[in-house]
Amino acid sequence: MELLTAQGILIRRLDYGDSDLILTFLTKTHGKISVIAKYAKKSVKRFGGILELFYMLELVIRPGKGSKPAILQTASLVRPFEKIRSHVLHTAYASYWAELINLFLEDRASQDDIYFLFVYSLEHLNQKTLPADVLHILFQMRFLLISGFQPNFLSCNCCKKKLDYISGHTCYFDPKIGAIICPSCIQKRSNFLFLSKGTIKHLVWISTLDFNIIQRLKYSAEAISEGQAFLEKFVPFCIGKAPKSLLFLKKIQRKP
Ligand SMILES: [Zn+2]
C-alpha cells in the first residue's frame, strides 16, 4: 500500500501497551489522523524525541488495511512551538484547543481552515505577540465561525432590535438558538447566559478584525474575563461534549 505523507500537529498522545503510542495529528491535507507509533514509548530515540504535543511534524504514514490501524513510519520536525510547553497556562490553553479539534473533527475529513487557525494561534501563543487570554477568545470565536456555530450578536433574536439600541447594559444569550435576546423580550430567565454589551463588542472585534488591529486594541479585563467564561460554556454546548482539559484550564486560571 502506498505511503502517505502529510504535515501535521500532534494533538493527542496515548500509551498503547508497553512499548507503543497512539498519536492523533491534525494534518493540513488529510484532516485528523490517528496512527500507532511502534516502540515510541519504549525508546525515545526511535523517533528522535519529537513526538511531543503541539509539535508540527512532517509525517510518513503507512495506511492501515481494513480494520488495522495506520502506522507512523518516520517523522521529522518542522516547528516545535517550544515555548508553549514551558508555560503552564499556555499549555492549558493549547491543550483545550487541541481537545476541541479532536472532539469536533471527524477522522480524515480535511478542514484546512481549522488547521490554519490552530497554527496561527500556536504561533502567537509561542511568540507572545498577543495576550494569551485574548488569543484564547480568538481561537474559540473563529472555531465557532468555521464550525457553523457563529453566535448572533447583531440583534435581539425576537424583536430584531440592534445591539446598540437595546436598553440596559446586559443581554441574555440563548445557547440553544445561539443568539442574544434583549431584556424586553425575555420571558423565563432560566437557561440563559448573560453578556454585557461591552463584552459582546469585544467578542465581535476579536473574531472579525485583522490581526494588526487586534494587536493594537486595548481590552477591558472585565470583558475578557466575561468573554472567556461565556465561551467556555457555549463552545462545549455547541460540540455536545465536555472537554476534559477545561477542568485543568479552569483550575490554572483561578490561581492568582
Ligand atoms: Zn428583543
# chains A, B, ... in the order shown; residues from 1 in each chain; ligands from 1
>>> select_by_dssp(residues="range 121-211 of chain A", states="helix (DSSP H, G or I)", output="JSON, numbers by chain")
{"A": [121, 122, 123, 124, 125, 126, 127, 132, 133, 134, 135, 136, 137, 138, 139, 140, 141, 142, 143, 144, 145, 146, 163, 164, 165, 197, 198, 199, 200, 201, 202, 203, 204, 205, 206, 207, 208, 211]}
>>> select_by_dssp(residues="range 58-206 of chain A", states="strand (DSSP E)", output="VMD selection string")
chain A and resid 58 to 62 70 to 79 170 to 174 179 to 181 193 to 196
>>> residues_around(residues="Thr5 in chain A", least_positions_apart="5", cutoff="7 Å", atoms="only C-alpha atoms", output="VMD selection string")
chain A and resid 59 to 61
>>> closest_residue(among="A:Ile71, A:Ile137, A:Met56, A:Ile180", to="ligand 1", atoms="only C-alpha atoms and all ligand atoms")
A:Ile180
>>> residues_near_ligand(ligand="ligand 1", cutoff="8 Å", atoms="only C-alpha atoms and all ligand atoms", output="ChimeraX atom specification")
/A:155-161,166,181-186
>>> closest_residue(among="A:Gly148, A:Lys197, A:Asp133, A:Lys244", to="Tyr219 in chain A", atoms="only C-alpha atoms")
A:Asp133
>>> residues_around(residues="Glu82 in chain A", least_positions_apart="6", cutoff="9 Å", atoms="only C-alpha atoms", output="CSV table (one decimal) with all heavy atoms, in the first residue's frame")
chain,number,residue,atom,x,y,z
A,54,PHE,N,1.8,19.5,20.3
A,54,PHE,CA,1.8,20.7,19.6
A,54,PHE,C,3.0,20.9,18.7
A,54,PHE,O,3.2,21.9,18.1
A,54,PHE,CB,1.8,22.0,20.6
A,54,PHE,CG,0.9,21.8,21.8
A,54,PHE,CD1,1.4,22.0,23.0
A,54,PHE,CD2,-0.4,21.4,21.6
A,54,PHE,CE1,0.6,21.9,24.1
A,54,PHE,CE2,-1.2,21.2,22.7
A,54,PHE,CZ,-0.7,21.4,24.0
A,55,TYR,N,3.8,19.8,18.6
A,55,TYR,CA,4.9,19.9,17.6
A,55,TYR,C,4.4,19.7,16.2
A,55,TYR,O,3.5,18.9,16.0
A,55,TYR,CB,6.0,18.7,17.8
A,55,TYR,CG,7.0,19.0,18.9
A,55,TYR,CD1,6.8,20.0,19.9
A,55,TYR,CD2,8.2,18.3,18.9
A,55,TYR,CE1,7.7,20.2,20.9
A,55,TYR,CE2,9.2,18.6,19.9
A,55,TYR,CZ,8.9,19.5,20.9
A,55,TYR,OH,9.9,19.8,21.8
A,126,ASN,N,3.1,31.0,21.2
A,126,ASN,CA,4.5,30.7,21.3
A,126,ASN,C,5.4,32.0,21.4
A,126,ASN,O,6.3,32.2,22.2
A,126,ASN,CB,5.0,29.8,20.1
A,126,ASN,CG,6.3,29.3,20.3
A,126,ASN,OD1,6.6,28.7,21.4
A,126,ASN,ND2,7.2,29.5,19.4
>>> closest_residue(among="A:Leu26, A:Leu89, A:Ala179, A:Leu14", to="Gln150 in chain A", atoms="only C-alpha atoms")
A:Ala179
>>> closest_residue(among="A:Pro63, A:Gly8, A:Gly31, A:Gly178", to="Leu145 in chain A", atoms="only C-alpha atoms")
A:Gly178
>>> residues_around(residues="range 204-216 of chain A", least_positions_apart="2", cutoff="12 Å", atoms="only C-alpha atoms", output="JSON, numbers by chain")
{"A": [117, 120, 121, 124, 128, 129, 130, 131, 132, 133, 134, 135, 136, 137, 138, 139, 140, 141, 142, 143, 144, 145, 146, 150, 151, 152, 153, 154, 163, 197, 198, 199, 200, 201, 202, 218, 219, 223, 224, 227]}
>>> residues_around(residues="Lys68 in chain A", least_positions_apart="6", cutoff="12 Å", atoms="only C-alpha atoms", output="PyMOL selection string")
chain A and resi 34-36+62
>>> residues_around(residues="Val88 in chain A", least_positions_apart="5", cutoff="10 Å", atoms="only C-alpha atoms", output="list in words")
Tyr93, Leu249 and Ile252 of chain A
>>> closest_residue(among="A:Ile114, A:Ala70, A:Ala75, A:Cys171", to="Leu51 in chain A", atoms="only C-alpha atoms")
A:Ala75
>>> closest_residue(among="A:Phe248, A:Tyr172, A:Tyr165, A:Tyr16", to="Phe230 in chain A", atoms="only C-alpha atoms")
A:Tyr172
>>> atom_distance(atom1="CA of Asp113 in chain A", atom2="CA of Ser86 in chain A")
27.1 Å
>>> atom_distance(atom1="CA of Val44 in chain A", atom2="CA of Leu122 in chain A")
24.4 Å
>>> atom_distance(atom1="CA of Ala109 in chain A", atom2="CA of Ile239 in chain A")
16.3 Å
